[in-house]
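The next block holds one structure in the form of structure tokens; read it before the comments.
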Amino acid sequence: MILISGCLLGANTRYDGENNRFSHPRLMSLLAQGQLLPVCPEVAGGLETPRLPAEIIRGDGKDVLAGKCSVVDNAGVDVTEKFLAGAEIALSVAKLLKIKAAILKDGSPSCGSTYIYDGTFSDKEVKGCGVTAALLEENGIEVYSENNLEQLIAKLQD
Ligand code: SF4
């Protein structure tokens, strides 16, 4: 079983009520085989859809887990607790089902694994990971994104 961002499978869970459907043939075949478990950490953590966009301020998901920085929406409301709650739920599900890998939407303050946005709400990308990606990785779960899915596919074929 592989954990996957629900929005990559077409769930309208993005902050703007849209999705990030990613119809890679191998992904579709894993889905057909019942090997993908969708989760949206932000919705699981209690945020509504649609919701205001949120970014990690002066840090990334690892810093949020360490209590060094916060996740704030573009109205200035601190949503860190909800992001942490969602990450914990994703981790609990992964542990319960002994999941060892996840495919998460890159760029998200929850799911990003190689980049996120810089906390200024100006569409500026920075290297770093989101809160859920950081928590999963800290717990030994390999995190991939739609951009490096081929690496996971190659591993599955080994
Ligand atoms: S939190 Fe993750 S699964 Fe949910 S909408 Fe954002 S990127 Fe998709």
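Every chain in the structure tokens takes a letter, A first, then B, and so on in the order presented; its residues are numbered from 1, and the ligands are numbered from 1 following the presented order.
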Using only C-alpha atoms and all ligand atoms, find each protein or nucleic acid residue lying at most 6 Å from ligand 1; present the set as a CSV table (one decimal) with N, CA and C atoms, in the first residue's frame.
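Ended up saving to selection-v3.csv:
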```
chain,number,residue,atom,x,y,z
A,5,SER,N,-1.4,11.8,-1.8
A,5,SER,CA,-2.2,13.0,-1.7
A,5,SER,C,-3.5,12.8,-2.4
A,6,GLY,N,-4.6,13.0,-1.7
A,6,GLY,CA,-5.9,12.8,-2.4
A,6,GLY,C,-6.1,13.7,-3.6
A,7,CYS,N,-5.6,14.9,-3.6
A,7,CYS,CA,-5.8,15.8,-4.7
A,7,CYS,C,-5.1,15.3,-6.0
A,13,THR,N,-9.7,18.8,-2.9
A,13,THR,CA,-9.3,19.2,-1.5
A,13,THR,C,-8.3,20.3,-1.4
A,14,ARG,N,-8.0,20.8,-2.5
A,14,ARG,CA,-7.0,22.0,-2.5
A,14,ARG,C,-7.7,23.2,-1.8
A,39,VAL,N,-5.1,10.4,1.1
A,39,VAL,CA,-5.3,11.2,2.3
A,39,VAL,C,-5.0,12.7,2.0
A,40,CYS,N,-5.8,13.5,2.6
A,40,CYS,CA,-5.5,15.0,2.5
A,40,CYS,C,-5.3,15.4,4.0
A,41,PRO,N,-4.0,15.7,4.3
A,41,PRO,CA,-3.7,16.1,5.7
A,41,PRO,C,-4.4,17.3,6.2
A,42,GLU,N,-4.6,18.3,5.3
A,42,GLU,CA,-5.2,19.5,5.7
A,42,GLU,C,-6.7,19.4,6.0
A,105,LYS,N,1.9,15.6,-3.1
A,105,LYS,CA,1.9,16.7,-4.0
A,105,LYS,C,3.0,17.7,-3.6
A,108,SER,N,3.3,21.9,-1.6
A,108,SER,CA,2.2,22.2,-0.6
A,108,SER,C,2.9,22.3,0.8
A,110,SER,N,1.8,21.2,3.4
A,110,SER,CA,1.7,19.9,4.0
A,110,SER,C,2.5,18.9,3.3
A,111,CYS,N,2.2,18.8,2.0
A,111,CYS,CA,2.7,17.6,1.2
A,111,CYS,C,4.0,17.8,0.5
```
How close does region 69-118 of chain A get to region 28-35 of chain A? List, as CSV, each residue of region 69-118 of chain A within 12 Å, its nearest atom pair and the distance in Å to one decimal, counting only C-alpha atoms.
```
residue,atom,partner,partner_atom,distance
A:Leu97,CA,A:Gln35,CA,11.4
A:Ile99,CA,A:Gln35,CA,10.3
A:Ala101,CA,A:Gln35,CA,11.1
A:Ala102,CA,A:Gln35,CA,11.2
A:Ile103,CA,A:Leu30,CA,11.8
```
The selected residues should be written to file as a PDB file, in the first residue's frame (atoms: N, CA and C atoms).
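again-v9.pdb, freshly written:
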```
ATOM      1  N   LEU A  97      -1.264   0.660   8.684  1.00  0.00           N
ATOM      2  CA  LEU A  97      -1.272  -0.213   7.499  1.00  0.00           C
ATOM      3  C   LEU A  97       0.137  -0.601   7.052  1.00  0.00           C
ATOM      4  N   ILE A  99       2.533   1.144   5.944  1.00  0.00           N
ATOM      5  CA  ILE A  99       2.885   1.786   4.675  1.00  0.00           C
ATOM      6  C   ILE A  99       4.307   2.333   4.758  1.00  0.00           C
ATOM      7  N   ALA A 101       5.845   3.967   1.896  1.00  0.00           N
ATOM      8  CA  ALA A 101       6.116   5.005   0.895  1.00  0.00           C
ATOM      9  C   ALA A 101       4.878   5.866   0.669  1.00  0.00           C
ATOM     10  N   ALA A 102       5.137   7.110   0.302  1.00  0.00           N
ATOM     11  CA  ALA A 102       4.031   8.026   0.031  1.00  0.00           C
ATOM     12  C   ALA A 102       4.345   8.826  -1.224  1.00  0.00           C
ATOM     13  N   ILE A 103       3.287   9.153  -1.976  1.00  0.00           N
ATOM     14  CA  ILE A 103       3.417  10.046  -3.130  1.00  0.00           C
ATOM     15  C   ILE A 103       2.620  11.292  -2.785  1.00  0.00           C
TER      16      ILE A 103
END
```
For this session: Fewer than 6 positions away in the same chain doesn't count, so skip those; otherwise give me all residues within 8 Å of Asp60 (chain A), counting only C-alpha atoms, as a list in words.
Result: Cys69, Pro109, Ile116, Gly128, Cys129, Gly130 and Val131 of chain A
>> Run DSSP on the backbone and tell me which residues of region 13-101 of chain A come out as helix (DSSP H, G or I); list them as a count of residues only.
In response: 34
Quick one: residues within 12 Å of Ser122 (chain A), only C-alpha atoms counted, chain neighbours fewer than 5 positions away excluded, as a list in words?
Pro53, Ala54, Glu55, Asn74, Ile116 and Tyr117 of chain A
Could you dump the residues just selected with N, CA and C atoms as an mmCIF file, in the first residue's frame?
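And here is the file that came out, out.cif:
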```
data_model
loop_
_atom_site.group_PDB
_atom_site.id
_atom_site.type_symbol
_atom_site.label_atom_id
_atom_site.label_comp_id
_atom_site.auth_asym_id
_atom_site.auth_seq_id
_atom_site.Cartn_x
_atom_site.Cartn_y
_atom_site.Cartn_z
ATOM 1 N N PRO A 53 -5.317 30.213 1.422
ATOM 2 C CA PRO A 53 -4.002 29.588 1.266
ATOM 3 C C PRO A 53 -3.141 29.840 2.501
ATOM 4 N N ALA A 54 -2.304 28.863 2.812
ATOM 5 C CA ALA A 54 -1.423 28.988 3.974
ATOM 6 C C ALA A 54 0.006 28.684 3.546
ATOM 7 N N GLU A 55 0.953 29.293 4.223
ATOM 8 C CA GLU A 55 2.367 29.025 3.956
ATOM 9 C C GLU A 55 3.126 28.928 5.270
ATOM 10 N N ASN A 74 -3.268 33.447 4.666
ATOM 11 C CA ASN A 74 -2.959 34.790 4.134
ATOM 12 C C ASN A 74 -3.801 35.891 4.773
ATOM 13 N N ILE A 116 8.605 24.230 -1.260
ATOM 14 C CA ILE A 116 7.379 24.826 -0.727
ATOM 15 C C ILE A 116 7.405 26.300 -1.161
ATOM 16 N N TYR A 117 6.501 27.105 -0.642
ATOM 17 C CA TYR A 117 6.544 28.536 -0.942
ATOM 18 C C TYR A 117 7.122 29.283 0.264
#
```
Inset, instruction - Between A:Ile153, A:Leu104, A:Val72, A:Gly140, single out the one closest to Leu9 (chain A), counting only C-alpha atoms. - result: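 Among A:Ile153, A:Leu104, A:Val72, A:Gly140, it is A:Leu104 that comes nearest to Leu9 (chain A).
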Nearest residue to Gly61 (chain A) out of A:Ala85, A:Ala134, A:Val93, A:Ala11, using only C-alpha atoms?
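Closest candidate: A:Ala134.
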Computed gap from CA of Lys100 (chain A) to CA of Ser23 (chain A) is 22.2 Å
Using only C-alpha atoms, the shortest atom-to-atom distance to His24 (chain A) among A:Asp73, A:Glu125, A:Glu150, A:Asp158 belongs to A:Glu150
Run DSSP on the backbone of this structure and report the residues of chain A it assigns to strand (DSSP E), as a PyMOL selection string. chain A and resi 2-5+36-39+54-57+70-73+101-103+115-117+125-127+142-144
- prompt: Can you list, as a list of chain:residue names, every protein, DNA or RNA residue that comes within 6 Å of Ile56 (chain A) when you count only C-alpha atoms, leaving out same-chain residues fewer than 6 positions away?
  reply: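 The residues satisfying every condition are A:Ser70, A:Val71, A:Gly119.
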With N, CA and C atoms kept, could you save the residues just selected as a PDB file, in the first residue's frame?
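Written file, result.pdb:
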```pdb
ATOM      1  N   SER A  70       5.839  28.645  12.233  1.00  0.00           N
ATOM      2  CA  SER A  70       4.395  28.403  12.170  1.00  0.00           C
ATOM      3  C   SER A  70       3.900  28.320  10.728  1.00  0.00           C
ATOM      4  N   VAL A  71       2.688  27.794  10.604  1.00  0.00           N
ATOM      5  CA  VAL A  71       1.962  27.847   9.331  1.00  0.00           C
ATOM      6  C   VAL A  71       0.850  28.875   9.525  1.00  0.00           C
ATOM      7  N   GLY A 119       6.610  31.770   2.222  1.00  0.00           N
ATOM      8  CA  GLY A 119       5.958  32.395   3.378  1.00  0.00           C
ATOM      9  C   GLY A 119       5.578  33.848   3.160  1.00  0.00           C
TER      10      GLY A 119
END
```
Interatomic distance (Å, one decimal) between CA of Leu3 (chain A) and CA of Arg58 (chain A):
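Pair CA of Leu3 (chain A) / CA of Arg58 (chain A) returns 27.8 Å.
Close contacts of Arg51 (chain A), defined as residues with an atom at most 8 Å away when counting only C-alpha atoms, with chain neighbours fewer than 6 positions off set aside, comprise Tyr15, Asp16 and Gly17 of chain A.
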Can you pull out every residue within 10 Å of Glu88 (chain A), counting only C-alpha atoms, but drop anything in the same chain fewer than 4 positions away, and send it as a PyMOL selection string?
chain A and resi 41+44-45+82-84+92-94+131-132+135-136
One-decimal distance in Å that lies between CA of Glu18 (chain A) and CA of Thr49 (chain A):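 These atoms are spaced 9.1 Å apart.
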